[in-house]
Amino acid sequence: MEKMITVLPGDGIGKEVMEAARAVLHVIEKRFDHVFTIIEKEIGGAAIDRTGEPLPADTLASCQQSDAILLGAVGGPKWEGGAVTPEQGLLAIRHALKVYANVRPVSVFKDLTALSPLKEAHVTGVDFIIVRELTGGLYFAKPKERRSEDEAVDTLAYHRQEITRIVTKAFQLARKRKKKLTSVDKANVLETSKLWREEVRAVHAAFPDVTVEHMLVDNAAMQLIRKPSQFDVIVTENMFGDILSDEASMITGSLGMLPSASLSENGPALYEPVHGSAPDLAGSNSANPFGMVLSVAMMLRHSFQLEEEAAAIELAVQEVVRTHVVTSDIAASEQQAATTSDVIEALVSCLEIEAATATIHEVYQ
Ligand SMILES: NC(=O)c1ccc[n+]([C@@H]2O[C@H](COP(=O)([O-])OP(=O)(O)OC[C@H]3O[C@@H](n4cnc5c(N)ncnc54)[C@H](O)[C@@H]3O)[C@@H](O)[C@H]2O)c1
Ligand SMILES: CC(C)[C@H](C(=O)O)[C@@H](O)C(=O)O
Ligand SMILES: [Mg+2]
């Protein structure tokens, strides 16, 4: 299979975890006989420094011509408070690619259950997906913001159609899983949430086999800690989804574990870890690359239908976790922490050994 992938390392640890994505893709290419043409482009602070723009035209053009896009992370103190910010580049690319559905799976690797801040019994069986609306709400409403000396205004707006398409996507996912959908809103206060609930009820008519519950966001934040295994698919608006997914990441042990896929109706999808550029870690070779690498697996599965290849990566992550080659965020102690480069090396050899095992297996069949 031949595919074109634009990679956008971005800033801070985005660059470091993208090395892991590239390394893993390289092994997959050799092992499964694919050709991945990788084009690297700038976004965020790196792009501002060179061009003055957080999303240069050539970056967007390359993304639009690609079969899929991988993004590391953007942002950092260097650009905070500037007239143009790296985060504007991220929002601009999501908007331009129309990736309205951000799918954030939360599952716990069994060898990490002891490290989750929650009790093991509580995290056992945790396997849910947050479906976050990504191109509407507070981040994008027009007029987006207004600022005078003493007042600032952000507008929270949703159109019925924006709700219908994200909720439909969530119902479709729920139908393929445990057929349980939790819609999270603040319908006791917000008009947008009242419209959201109305739409969830309307779309539900087409998915009678799926059970729906409505949960207020403050309760949902608590329930995620109290009993995370109660969830299967959660659907929610942009900002609630942003906050709940960072919270949910800690059930898995670290924010560095979570991958994501941002999907549009027809165009190329964007795959990125849930975490940011982690300025506190940048340059220290200690960022956890698993969220990025698992995002590569999501890309292979969803954009290219390469199930075996995606599973090979997930298996390699599981094996590397089992053998404790992990960064300090999930290591048993600082002394036992591996570097990002160590983890990449372990992932690569694991993927290569899996390939060797598969060959031997085939020979003896
Ligand atoms: N998708 C994105 O590009 C994205 C997402 C979130 C934040 N940001 C940006 O990143 C910058 C920093 O934001 P922040 O500090 O609030 O959030 P962050 O996600 O960068 O970091 C939050 C905390 O989690 C830790 N962490 C994050 N990723 C990790 C990893 N892979 N391995 C180990 N630990 C990890 C960090 O060290 C930090 O303590 C800001 O400019 C923000 O706007 C970008
Ligand atoms: C950097 C920021 C704009 C972004 C968001 O809120 O969408 C990030 O937190 C994320 O989760 O991808
Ligand atoms: Mg976030």
# chains A, B, ... in the order shown; residues from 1 in each chain; ligands from 1
$ residues_near_ligand --ligand "ligand 2" --cutoff "7 Å" --atoms "only C-alpha atoms and all ligand atoms" --output "PyMOL selection string"
chain A and resi 74+87+90-91+239+242+274-276
$ write_last_selection --atoms "N, CA and C atoms" --output "PDB file, in the first residue's frame"
ATOM      1  N   VAL A  74       1.448  21.666  19.977  1.00  0.00           N
ATOM      2  CA  VAL A  74       1.898  23.043  19.755  1.00  0.00           C
ATOM      3  C   VAL A  74       1.875  23.828  21.062  1.00  0.00           C
ATOM      4  N   GLU A  87      -1.500  28.012  19.355  1.00  0.00           N
ATOM      5  CA  GLU A  87      -2.804  27.361  19.489  1.00  0.00           C
ATOM      6  C   GLU A  87      -3.747  27.788  18.356  1.00  0.00           C
ATOM      7  N   LEU A  90      -3.404  25.381  15.620  1.00  0.00           N
ATOM      8  CA  LEU A  90      -4.086  24.104  15.866  1.00  0.00           C
ATOM      9  C   LEU A  90      -5.585  24.230  15.557  1.00  0.00           C
ATOM     10  N   LEU A  91      -6.187  25.307  16.063  1.00  0.00           N
ATOM     11  CA  LEU A  91      -7.621  25.502  15.809  1.00  0.00           C
ATOM     12  C   LEU A  91      -7.869  25.718  14.313  1.00  0.00           C
ATOM     13  N   MET A 239     -15.444  22.103  24.756  1.00  0.00           N
ATOM     14  CA  MET A 239     -14.629  22.388  25.948  1.00  0.00           C
ATOM     15  C   MET A 239     -14.823  21.352  27.059  1.00  0.00           C
ATOM     16  N   ASP A 242     -12.594  18.544  26.165  1.00  0.00           N
ATOM     17  CA  ASP A 242     -11.176  18.857  26.400  1.00  0.00           C
ATOM     18  C   ASP A 242     -10.821  18.581  27.859  1.00  0.00           C
ATOM     19  N   VAL A 274      -3.321  13.319  23.088  1.00  0.00           N
ATOM     20  CA  VAL A 274      -4.199  14.276  23.769  1.00  0.00           C
ATOM     21  C   VAL A 274      -3.387  15.371  24.482  1.00  0.00           C
ATOM     22  N   HIS A 275      -2.157  15.037  24.830  1.00  0.00           N
ATOM     23  CA  HIS A 275      -1.341  15.997  25.603  1.00  0.00           C
ATOM     24  C   HIS A 275      -0.832  17.168  24.769  1.00  0.00           C
ATOM     25  N   GLY A 276      -0.243  18.143  25.481  1.00  0.00           N
ATOM     26  CA  GLY A 276       0.310  19.315  24.823  1.00  0.00           C
ATOM     27  C   GLY A 276       1.821  19.240  24.681  1.00  0.00           C
TER      28      GLY A 276
END
$ residues_near_ligand --ligand "ligand 1" --cutoff "6 Å" --atoms "only C-alpha atoms and all ligand atoms" --output "PyMOL selection string"
chain A and resi 73-76+87+255-256+274-281+287-289+329
$ write_last_selection --atoms "N, CA and C atoms" --output "PDB file, in the first residue's frame"
ATOM      1  N   ALA A  73       2.377  18.329  19.026  1.00  0.00           N
ATOM      2  CA  ALA A  73       1.702  19.270  19.938  1.00  0.00           C
ATOM      3  C   ALA A  73       2.229  20.661  19.623  1.00  0.00           C
ATOM      4  N   VAL A  74       1.448  21.666  19.977  1.00  0.00           N
ATOM      5  CA  VAL A  74       1.898  23.043  19.755  1.00  0.00           C
ATOM      6  C   VAL A  74       1.875  23.828  21.062  1.00  0.00           C
ATOM      7  N   GLY A  75       2.608  24.940  21.065  1.00  0.00           N
ATOM      8  CA  GLY A  75       2.541  25.870  22.193  1.00  0.00           C
ATOM      9  C   GLY A  75       3.805  25.904  23.020  1.00  0.00           C
ATOM     10  N   GLY A  76       3.822  26.899  23.916  1.00  0.00           N
ATOM     11  CA  GLY A  76       4.971  27.047  24.803  1.00  0.00           C
ATOM     12  C   GLY A  76       5.078  28.477  25.291  1.00  0.00           C
ATOM     13  N   GLU A  87      -1.500  28.012  19.355  1.00  0.00           N
ATOM     14  CA  GLU A  87      -2.804  27.361  19.489  1.00  0.00           C
ATOM     15  C   GLU A  87      -3.747  27.788  18.356  1.00  0.00           C
ATOM     16  N   LEU A 255      -1.245  11.357  31.266  1.00  0.00           N
ATOM     17  CA  LEU A 255      -1.749  12.078  30.087  1.00  0.00           C
ATOM     18  C   LEU A 255      -0.983  11.630  28.836  1.00  0.00           C
ATOM     19  N   GLY A 256       0.257  11.204  29.039  1.00  0.00           N
ATOM     20  CA  GLY A 256       1.091  10.762  27.914  1.00  0.00           C
ATOM     21  C   GLY A 256       0.645   9.457  27.269  1.00  0.00           C
ATOM     22  N   VAL A 274      -3.321  13.319  23.088  1.00  0.00           N
ATOM     23  CA  VAL A 274      -4.199  14.276  23.769  1.00  0.00           C
ATOM     24  C   VAL A 274      -3.387  15.371  24.482  1.00  0.00           C
ATOM     25  N   HIS A 275      -2.157  15.037  24.830  1.00  0.00           N
ATOM     26  CA  HIS A 275      -1.341  15.997  25.603  1.00  0.00           C
ATOM     27  C   HIS A 275      -0.832  17.168  24.769  1.00  0.00           C
ATOM     28  N   GLY A 276      -0.243  18.143  25.481  1.00  0.00           N
ATOM     29  CA  GLY A 276       0.310  19.315  24.823  1.00  0.00           C
ATOM     30  C   GLY A 276       1.821  19.240  24.681  1.00  0.00           C
ATOM     31  N   SER A 277       2.443  20.413  24.564  1.00  0.00           N
ATOM     32  CA  SER A 277       3.884  20.477  24.257  1.00  0.00           C
ATOM     33  C   SER A 277       4.749  20.336  25.505  1.00  0.00           C
ATOM     34  N   ALA A 278       4.127  20.241  26.695  1.00  0.00           N
ATOM     35  CA  ALA A 278       4.811  20.010  27.974  1.00  0.00           C
ATOM     36  C   ALA A 278       6.133  20.756  28.100  1.00  0.00           C
ATOM     37  N   PRO A 279       6.083  22.084  28.182  1.00  0.00           N
ATOM     38  CA  PRO A 279       7.332  22.858  28.272  1.00  0.00           C
ATOM     39  C   PRO A 279       8.211  22.423  29.448  1.00  0.00           C
ATOM     40  N   ASP A 280       7.572  21.884  30.505  1.00  0.00           N
ATOM     41  CA  ASP A 280       8.364  21.441  31.669  1.00  0.00           C
ATOM     42  C   ASP A 280       9.225  20.223  31.352  1.00  0.00           C
ATOM     43  N   LEU A 281       8.910  19.507  30.286  1.00  0.00           N
ATOM     44  CA  LEU A 281       9.677  18.298  29.920  1.00  0.00           C
ATOM     45  C   LEU A 281      10.512  18.489  28.662  1.00  0.00           C
ATOM     46  N   ALA A 287       9.750  12.573  27.660  1.00  0.00           N
ATOM     47  CA  ALA A 287       8.314  12.550  27.333  1.00  0.00           C
ATOM     48  C   ALA A 287       7.867  11.131  27.012  1.00  0.00           C
ATOM     49  N   ASN A 288       6.690  10.804  27.476  1.00  0.00           N
ATOM     50  CA  ASN A 288       6.091   9.499  27.179  1.00  0.00           C
ATOM     51  C   ASN A 288       5.600   9.512  25.721  1.00  0.00           C
ATOM     52  N   PRO A 289       6.138   8.641  24.881  1.00  0.00           N
ATOM     53  CA  PRO A 289       5.730   8.664  23.460  1.00  0.00           C
ATOM     54  C   PRO A 289       4.546   7.764  23.124  1.00  0.00           C
ATOM     55  N   ASP A 329       6.817   9.340  34.053  1.00  0.00           N
ATOM     56  CA  ASP A 329       5.406   9.552  34.407  1.00  0.00           C
ATOM     57  C   ASP A 329       4.701   8.255  34.782  1.00  0.00           C
TER      58      ASP A 329
END
$ residues_around --residues "A:His26" --least-positions-apart "2" --cutoff "12 Å" --atoms "only C-alpha atoms" --output "short mmCIF file (atom, residue, chain, number, x, y, z; two decimals) with C-alpha atoms, in the first residue's frame"
data_model
loop_
_atom_site.label_atom_id
_atom_site.label_comp_id
_atom_site.auth_asym_id
_atom_site.auth_seq_id
_atom_site.Cartn_x
_atom_site.Cartn_y
_atom_site.Cartn_z
CA GLU A 19 10.45 10.75 16.44
CA ALA A 20 8.70 7.74 17.95
CA ALA A 21 5.92 7.92 15.34
CA ARG A 22 8.45 8.04 12.51
CA ALA A 23 10.48 5.13 13.92
CA VAL A 24 7.43 2.93 14.33
CA ILE A 28 5.75 -1.13 9.80
CA GLU A 29 6.70 -0.09 6.27
CA LYS A 30 9.50 -2.66 6.08
CA ARG A 31 7.67 -5.42 7.90
CA PHE A 32 4.42 -5.21 5.95
CA ASP A 33 5.82 -3.98 2.65
CA HIS A 34 4.13 -0.58 2.45
CA VAL A 35 5.40 2.74 1.17
CA PHE A 36 4.65 5.71 3.41
CA THR A 37 5.72 9.00 1.86
CA ILE A 38 6.28 11.27 4.83
CA VAL A 296 -0.23 6.12 14.65
CA GLU A 309 -0.40 -3.29 11.44
CA ILE A 313 1.86 -1.45 17.31
CA ILE A 344 11.54 4.20 21.06
CA LEU A 347 9.31 -0.36 20.61
CA VAL A 348 11.31 -0.77 17.42
CA SER A 349 13.02 -3.98 18.51
CA LEU A 351 8.06 -4.68 16.47
CA GLU A 352 10.99 -6.28 14.65
#
$ residues_around --residues "A:Gly72" --least-positions-apart "2" --cutoff "10 Å" --atoms "only C-alpha atoms" --output "list in words"
Val7, Leu8, Pro9, Gly10, Asp11, Gly12, Ile13, Gly14, Lys15, Glu16, Val17, Met18, Glu19, Ala21, Ile43, Leu70, Val74, Tyr271, Glu272, Pro273, Val274, His275, Gly276, Ser277, Pro289, Gly291, Met292 and Ser295 of chain A
$ residues_around --residues "A:Thr192" --least-positions-apart "3" --cutoff "9 Å" --atoms "only C-alpha atoms" --output "PyMOL selection string"
chain A and resi 137+156-159+185-187+195-197
